[in-house]
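*Asks:* To start, I am sharing the structure in question, which I have written as structure tokens.
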Amino acid sequence: PDALLELAKDYKDLGDFGSAEQALIAAVHKDPENPTPHLLLSQIYSAQKNLDKSEKERQIFLELKQRAASHPSAVSGQRAGAPEPSDDK
């Protein structure tokens, strides 16, 4: 999934939000407990002015991050130092 995250970031930087979204959805399917793809999806949806989807993904990110903090050994996909959500668009 890390390769998919890097690919998604590259697409996002190029402004290709559709391809970034596809890569992130694939990353979620490969590692559903990893919060990072949800954070990136939230940012992409926000940039597209799709605020409902953005908020949904942000909530999933926060729930997964909280779950990992409460039970670190139970969440295989949690990465140390996962980024906090930001208001960057």
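Chain identifiers are assigned as A, B, and so on, following the order in which chains appear in the structure tokens; residues are numbered from 1 within each chain, and ligands are numbered from 1 in order of appearance.
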Do a neighbour search on range 30-42 of chain A at 6 Å with only C-alpha atoms, toss out local chain neighbours closer than 3 positions, and write the hits as a PyMOL selection string.
*Replies:* chain A and resi 24+27+45+54+57-58+61+64+77-78
*Asks:* Mind writing the picked residues with all heavy atoms as a PDB file, in the first residue's frame?
*Replies:*
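The new file result_3.pdb reads:
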ATOM      1  N   LEU A  24      -5.911   5.501  -3.996  1.00  0.00           N
ATOM      2  CA  LEU A  24      -6.204   5.482  -2.560  1.00  0.00           C
ATOM      3  C   LEU A  24      -7.266   4.449  -2.219  1.00  0.00           C
ATOM      4  O   LEU A  24      -7.174   3.782  -1.178  1.00  0.00           O
ATOM      5  CB  LEU A  24      -6.622   6.872  -2.091  1.00  0.00           C
ATOM      6  CG  LEU A  24      -5.482   7.893  -2.107  1.00  0.00           C
ATOM      7  CD1 LEU A  24      -6.024   9.294  -1.920  1.00  0.00           C
ATOM      8  CD2 LEU A  24      -4.446   7.554  -1.047  1.00  0.00           C
ATOM      9  N   ALA A  27      -5.545   1.288  -2.080  1.00  0.00           N
ATOM     10  CA  ALA A  27      -4.763   1.193  -0.841  1.00  0.00           C
ATOM     11  C   ALA A  27      -5.654   0.817   0.334  1.00  0.00           C
ATOM     12  O   ALA A  27      -5.263   0.016   1.196  1.00  0.00           O
ATOM     13  CB  ALA A  27      -4.041   2.512  -0.572  1.00  0.00           C
ATOM     14  N   TYR A  45     -11.134  14.997  -1.800  1.00  0.00           N
ATOM     15  CA  TYR A  45     -12.549  15.354  -1.893  1.00  0.00           C
ATOM     16  C   TYR A  45     -12.768  16.825  -1.526  1.00  0.00           C
ATOM     17  O   TYR A  45     -13.599  17.505  -2.131  1.00  0.00           O
ATOM     18  CB  TYR A  45     -13.401  14.443  -1.025  1.00  0.00           C
ATOM     19  CG  TYR A  45     -13.447  13.013  -1.500  1.00  0.00           C
ATOM     20  CD1 TYR A  45     -13.454  11.956  -0.602  1.00  0.00           C
ATOM     21  CD2 TYR A  45     -13.491  12.704  -2.856  1.00  0.00           C
ATOM     22  CE1 TYR A  45     -13.505  10.649  -1.032  1.00  0.00           C
ATOM     23  CE2 TYR A  45     -13.543  11.390  -3.298  1.00  0.00           C
ATOM     24  CZ  TYR A  45     -13.542  10.363  -2.382  1.00  0.00           C
ATOM     25  OH  TYR A  45     -13.601   9.065  -2.810  1.00  0.00           O
ATOM     26  N   SER A  54     -15.549  14.301   1.872  1.00  0.00           N
ATOM     27  CA  SER A  54     -14.349  14.714   2.591  1.00  0.00           C
ATOM     28  C   SER A  54     -14.514  14.490   4.084  1.00  0.00           C
ATOM     29  O   SER A  54     -13.634  13.925   4.751  1.00  0.00           O
ATOM     30  CB  SER A  54     -14.050  16.190   2.312  1.00  0.00           C
ATOM     31  OG  SER A  54     -12.949  16.624   3.070  1.00  0.00           O
ATOM     32  N   GLU A  57     -14.516  10.694   5.017  1.00  0.00           N
ATOM     33  CA  GLU A  57     -13.171  10.110   5.037  1.00  0.00           C
ATOM     34  C   GLU A  57     -12.352  10.621   6.218  1.00  0.00           C
ATOM     35  O   GLU A  57     -11.588   9.875   6.820  1.00  0.00           O
ATOM     36  CB  GLU A  57     -12.446  10.380   3.719  1.00  0.00           C
ATOM     37  CG  GLU A  57     -13.042   9.651   2.535  1.00  0.00           C
ATOM     38  CD  GLU A  57     -12.990   8.134   2.660  1.00  0.00           C
ATOM     39  OE1 GLU A  57     -12.084   7.589   3.313  1.00  0.00           O
ATOM     40  OE2 GLU A  57     -13.869   7.475   2.082  1.00  0.00           O
ATOM     41  N   ARG A  58     -12.541  11.877   6.565  1.00  0.00           N
ATOM     42  CA  ARG A  58     -11.838  12.439   7.729  1.00  0.00           C
ATOM     43  C   ARG A  58     -12.269  11.722   9.004  1.00  0.00           C
ATOM     44  O   ARG A  58     -11.446  11.416   9.867  1.00  0.00           O
ATOM     45  CB  ARG A  58     -12.122  13.939   7.827  1.00  0.00           C
ATOM     46  CG  ARG A  58     -11.383  14.625   8.941  1.00  0.00           C
ATOM     47  CD  ARG A  58     -11.676  16.134   8.938  1.00  0.00           C
ATOM     48  NE  ARG A  58     -11.105  16.768  10.100  1.00  0.00           N
ATOM     49  CZ  ARG A  58     -11.640  16.768  11.321  1.00  0.00           C
ATOM     50  NH1 ARG A  58     -12.794  16.180  11.537  1.00  0.00           N
ATOM     51  NH2 ARG A  58     -11.038  17.363  12.324  1.00  0.00           N
ATOM     52  N   PHE A  61     -10.658   8.344   9.093  1.00  0.00           N
ATOM     53  CA  PHE A  61      -9.258   8.533   9.485  1.00  0.00           C
ATOM     54  C   PHE A  61      -9.133   8.669  10.998  1.00  0.00           C
ATOM     55  O   PHE A  61      -8.322   7.991  11.632  1.00  0.00           O
ATOM     56  CB  PHE A  61      -8.673   9.764   8.790  1.00  0.00           C
ATOM     57  CG  PHE A  61      -7.369  10.219   9.383  1.00  0.00           C
ATOM     58  CD1 PHE A  61      -6.191   9.560   9.075  1.00  0.00           C
ATOM     59  CD2 PHE A  61      -7.318  11.288  10.264  1.00  0.00           C
ATOM     60  CE1 PHE A  61      -4.981   9.974   9.639  1.00  0.00           C
ATOM     61  CE2 PHE A  61      -6.125  11.703  10.824  1.00  0.00           C
ATOM     62  CZ  PHE A  61      -4.950  11.042  10.512  1.00  0.00           C
ATOM     63  N   LEU A  64      -9.918   5.356  12.870  1.00  0.00           N
ATOM     64  CA  LEU A  64      -8.839   4.372  12.743  1.00  0.00           C
ATOM     65  C   LEU A  64      -7.622   4.786  13.562  1.00  0.00           C
ATOM     66  O   LEU A  64      -6.981   3.950  14.196  1.00  0.00           O
ATOM     67  CB  LEU A  64      -8.448   4.186  11.275  1.00  0.00           C
ATOM     68  CG  LEU A  64      -9.469   3.463  10.407  1.00  0.00           C
ATOM     69  CD1 LEU A  64      -9.042   3.489   8.956  1.00  0.00           C
ATOM     70  CD2 LEU A  64      -9.676   2.032  10.891  1.00  0.00           C
ATOM     71  N   GLY A  77      -2.111  -2.034  10.109  1.00  0.00           N
ATOM     72  CA  GLY A  77      -1.749  -1.046   9.110  1.00  0.00           C
ATOM     73  C   GLY A  77      -1.371   0.305   9.658  1.00  0.00           C
ATOM     74  O   GLY A  77      -0.938   1.165   8.911  1.00  0.00           O
ATOM     75  N   GLN A  78      -1.501   0.526  10.952  1.00  0.00           N
ATOM     76  CA  GLN A  78      -1.193   1.836  11.502  1.00  0.00           C
ATOM     77  C   GLN A  78       0.284   2.124  11.357  1.00  0.00           C
ATOM     78  O   GLN A  78       1.125   1.338  11.723  1.00  0.00           O
ATOM     79  CB  GLN A  78      -1.594   1.898  12.977  1.00  0.00           C
ATOM     80  CG  GLN A  78      -1.160   3.169  13.676  1.00  0.00           C
ATOM     81  CD  GLN A  78      -1.791   4.417  13.104  1.00  0.00           C
ATOM     82  OE1 GLN A  78      -2.889   4.372  12.592  1.00  0.00           O
ATOM     83  NE2 GLN A  78      -1.082   5.510  13.169  1.00  0.00           N
TER      84      GLN A  78
END
*Asks:* Set the distance at 12 Å and use only C-alpha atoms: which residues neighbour Asp16 in chain A once local chain neighbours fewer than 5 positions away are removed? I'd like the list as a ChimeraX atom specification.
*Replies:* /A:7-11,21-23,44,47-48
*Asks:* By how many Å are CA of Asp52 in chain A and CA of Ile25 in chain A apart?
*Replies:*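 Interatomic distance here is 16.8 Å.
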*Asks:* Record the distance separating CA of Asp2 in chain A and CA of Lys49 in chain A, expressed in Å with one decimal.
*Replies:*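 Computed distance, CA of Asp2 in chain A to CA of Lys49 in chain A, equals 26.2 Å.
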